[in-house]
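Peer 1: Below is a structure I'd like to ask you about.
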Amino acid sequence: MVKKIAVIGFGSTMIGIGINGFIIPFHLINGGFLGISLILNYLWGFKAGLMFIFLNVPVYLFAFKSDPRYFINGLSGAIISGIMIEILMPLNGKFHLPIMSSVIIGAVFIGIGVGIMLRNHISPGGMDLLALLLSKWSRINVGVIIFALDMVVIMTGLLILQDAKLFYSLLIISIVGLFASLITSFHSVQIYLK
């Protein structure tokens with residue numbers, strides 16, 4: 001239990017730093033519910049962390065029927081991630097970097113946070129669960145579905161916000177995905193080497 005709390009705390013803090021310190025200052029977005037939360041923040045000033053929590057709740061309530069353990073771990077991850085995004089909001093504007101450096105550093109922070117949580121079977125957001133359900137129904141690889149959903153969020157943001165800088169968001173989801181994949185597969189690589 002202590003390990004789980006530490007993992008959620010660390011992962012959520014990394015996500016909060018990545019979002020507030022490096023992504024929000026350039027009005028960029030991430031994929032999934034986090035990306036939708038940022039679009040709502042840029043359009044109407046809604047608090048990104050709170051929107052993230054609200055968007056996740058219906059998906060996790062739906063998950064409760066299929067796997068109560070996933071529901072508890074996932075909802076905890078989503079709520080604490082949302083809270084950390086709000087707590088770390090003062091980081092917005094503290095780092096003065098070129099956009100490409102900011103994109104890479106922010107995405108690495110988010111990717112590490114997401115990867116650490118997923119490796120410990122804690123989901124930092126309900127879009128993963130939605131992709132898993134769609135994968136079961138369609139028999140399409142879950143990774144392909146997550147990438148497709150992220151692309152839909154980013155393209156929607158591009159159409160609504162009409163800011164060419166959002167093309168950098170494609171790099172963000174690629175780096176986040178890469179780091180999350182590396183971290184979640186590290187254990188299996190270790191076992192294989194033994």
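To be explicit about the labels: the chains of the structure tokens are called A, B, and onward in the order shown, and within each one the residues are counted from 1, while ligands get numbers from 1 in the order they are shown.
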Identify, on the basis of only C-alpha atoms, every residue whose closest approach to Phe10 (chain A) does not exceed 9 Å; exclude the query and any residue fewer than 6 positions from it along the same chain; express the result as a list of chain:residue names.

Peer 2: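 Everything that qualifies: A:Gly113, A:Ile116, A:Met117.
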
Peer 1: I want to know what sits within 10 Å of Gly111 (chain A), based on only C-alpha atoms, with residues of the same chain fewer than 6 positions away left out; could you give that as a PyMOL selection string?

Peer 2: chain A and resi 11+14-15+18+105+117+172-183

Peer 1: For Gly32 (chain A), which residue out of A:Leu55, A:Ile85, A:Ala63, A:Leu158 is the nearest one, using only C-alpha atoms?

Peer 2: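 The shortest atom-to-atom distance to Gly32 (chain A) comes from A:Leu55.
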
Peer 1: Contacts of Tyr60 (chain A) at 10 Å or less, counting only C-alpha atoms, minus same-chain residues fewer than 5 places along, as an mmCIF file with N, CA and C atoms, in the first residue's frame?

Peer 2:
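Here's the written file selection-v4.cif:
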data_model
loop_
_atom_site.group_PDB
_atom_site.id
_atom_site.type_symbol
_atom_site.label_atom_id
_atom_site.label_comp_id
_atom_site.auth_asym_id
_atom_site.auth_seq_id
_atom_site.Cartn_x
_atom_site.Cartn_y
_atom_site.Cartn_z
ATOM 1 N N LEU A 55 -13.473 14.185 -16.219
ATOM 2 C CA LEU A 55 -13.544 13.361 -17.431
ATOM 3 C C LEU A 55 -13.275 11.888 -17.131
ATOM 4 N N LYS A 65 -17.563 -2.299 -12.638
ATOM 5 C CA LYS A 65 -18.270 -3.568 -12.857
ATOM 6 C C LYS A 65 -17.321 -4.669 -13.323
ATOM 7 N N SER A 66 -16.341 -4.311 -14.162
ATOM 8 C CA SER A 66 -15.468 -5.340 -14.730
ATOM 9 C C SER A 66 -14.283 -5.710 -13.841
ATOM 10 N N ASP A 67 -13.691 -4.734 -13.134
ATOM 11 C CA ASP A 67 -12.527 -5.028 -12.298
ATOM 12 C C ASP A 67 -12.395 -3.985 -11.196
ATOM 13 N N PRO A 68 -12.930 -4.286 -9.990
ATOM 14 C CA PRO A 68 -12.881 -3.309 -8.888
ATOM 15 C C PRO A 68 -11.461 -2.868 -8.524
ATOM 16 N N TYR A 70 -8.827 -2.526 -10.559
ATOM 17 C CA TYR A 70 -8.403 -1.557 -11.564
ATOM 18 C C TYR A 70 -9.097 -0.222 -11.317
ATOM 19 N N PHE A 71 -10.370 -0.288 -10.918
ATOM 20 C CA PHE A 71 -11.150 0.912 -10.630
ATOM 21 C C PHE A 71 -10.489 1.732 -9.523
ATOM 22 N N ILE A 72 -10.131 1.086 -8.411
ATOM 23 C CA ILE A 72 -9.544 1.785 -7.255
ATOM 24 C C ILE A 72 -8.172 2.363 -7.625
ATOM 25 N N ASN A 73 -7.313 1.526 -8.231
ATOM 26 C CA ASN A 73 -5.981 1.996 -8.618
ATOM 27 C C ASN A 73 -6.057 3.122 -9.641
ATOM 28 N N GLY A 74 -6.897 2.936 -10.642
ATOM 29 C CA GLY A 74 -7.019 3.916 -11.715
ATOM 30 C C GLY A 74 -7.610 5.225 -11.246
ATOM 31 N N LEU A 75 -8.686 5.151 -10.472
ATOM 32 C CA LEU A 75 -9.334 6.364 -9.992
ATOM 33 C C LEU A 75 -8.396 7.139 -9.065
ATOM 34 N N ALA A 78 -5.844 8.874 -11.288
ATOM 35 C CA ALA A 78 -6.430 10.004 -12.006
ATOM 36 C C ALA A 78 -6.687 11.190 -11.080
ATOM 37 N N GLY A 125 -5.000 7.727 -16.224
ATOM 38 C CA GLY A 125 -6.142 8.321 -16.923
ATOM 39 C C GLY A 125 -6.995 7.280 -17.609
ATOM 40 N N GLY A 126 -8.296 7.564 -17.706
ATOM 41 C CA GLY A 126 -9.265 6.586 -18.195
ATOM 42 C C GLY A 126 -9.238 6.295 -19.681
ATOM 43 N N MET A 127 -8.486 7.080 -20.472
ATOM 44 C CA MET A 127 -8.414 6.831 -21.907
ATOM 45 C C MET A 127 -7.782 5.459 -22.182
ATOM 46 N N LEU A 129 -8.180 2.783 -20.349
ATOM 47 C CA LEU A 129 -9.244 1.807 -20.130
ATOM 48 C C LEU A 129 -10.206 1.790 -21.316
ATOM 49 N N LEU A 130 -10.536 2.967 -21.812
ATOM 50 C CA LEU A 130 -11.419 3.080 -22.974
ATOM 51 C C LEU A 130 -10.786 2.349 -24.167
#

Peer 1: Kindly provide the residues of region 84-116 of chain A that approach region 163-168 of chain A to within 9 Å, each paired with its closest atom pair and their distance in Å to one decimal, based on only C-alpha atoms, listed by chain and increasing number, as CSV.

Peer 2:
residue,atom,partner,partner_atom,distance
A:Ile99,CA,A:Tyr168,CA,8.5
A:Met100,CA,A:Tyr168,CA,7.9
A:Val103,CA,A:Tyr168,CA,7.1

Peer 1: For a quick check of understanding, using only C-alpha atoms, which of A:Ile160, A:Tyr42, A:Ile83, A:Leu50 has the smallest distance to Phe26 (chain A)?

Peer 2: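 Counting only C-alpha atoms, the residue closest to Phe26 (chain A) is A:Tyr42.
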
Peer 1: Among chain A, which ones does DSSP assign to helix (DSSP H, G or I) (computed from the backbone)? Answer as a PyMOL selection string.

Peer 2: chain A and resi 2-26+32-44+48-66+68-87+89-91+99-119+127-138+142-161+164-193

Peer 1: One number please: CA of Val114 (chain A) to CA of Ser185 (chain A), in Å, one decimal.

Peer 2: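 It comes out at 13.0 Å.
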
Peer 1: How far is it from CA of Ile87 (chain A) to CA of Leu118 (chain A), in Å with one decimal?

Peer 2: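 Computed distance, CA of Ile87 (chain A) to CA of Leu118 (chain A), equals 22.2 Å.
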
Peer 1: For each of A:Lys136, A:His27, A:His121, A:Lys3, take the minimum atom-to-atom distance to Gly77 (chain A), counting only C-alpha atoms, then give the residue where this is smallest.

Peer 2: A:His121

Peer 1: What does the structure give for the distance between CA of Gly35 (chain A) and CA of Thr156 (chain A), in Å to one decimal?

Peer 2: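 Between these atoms lies a distance of 9.9 Å.
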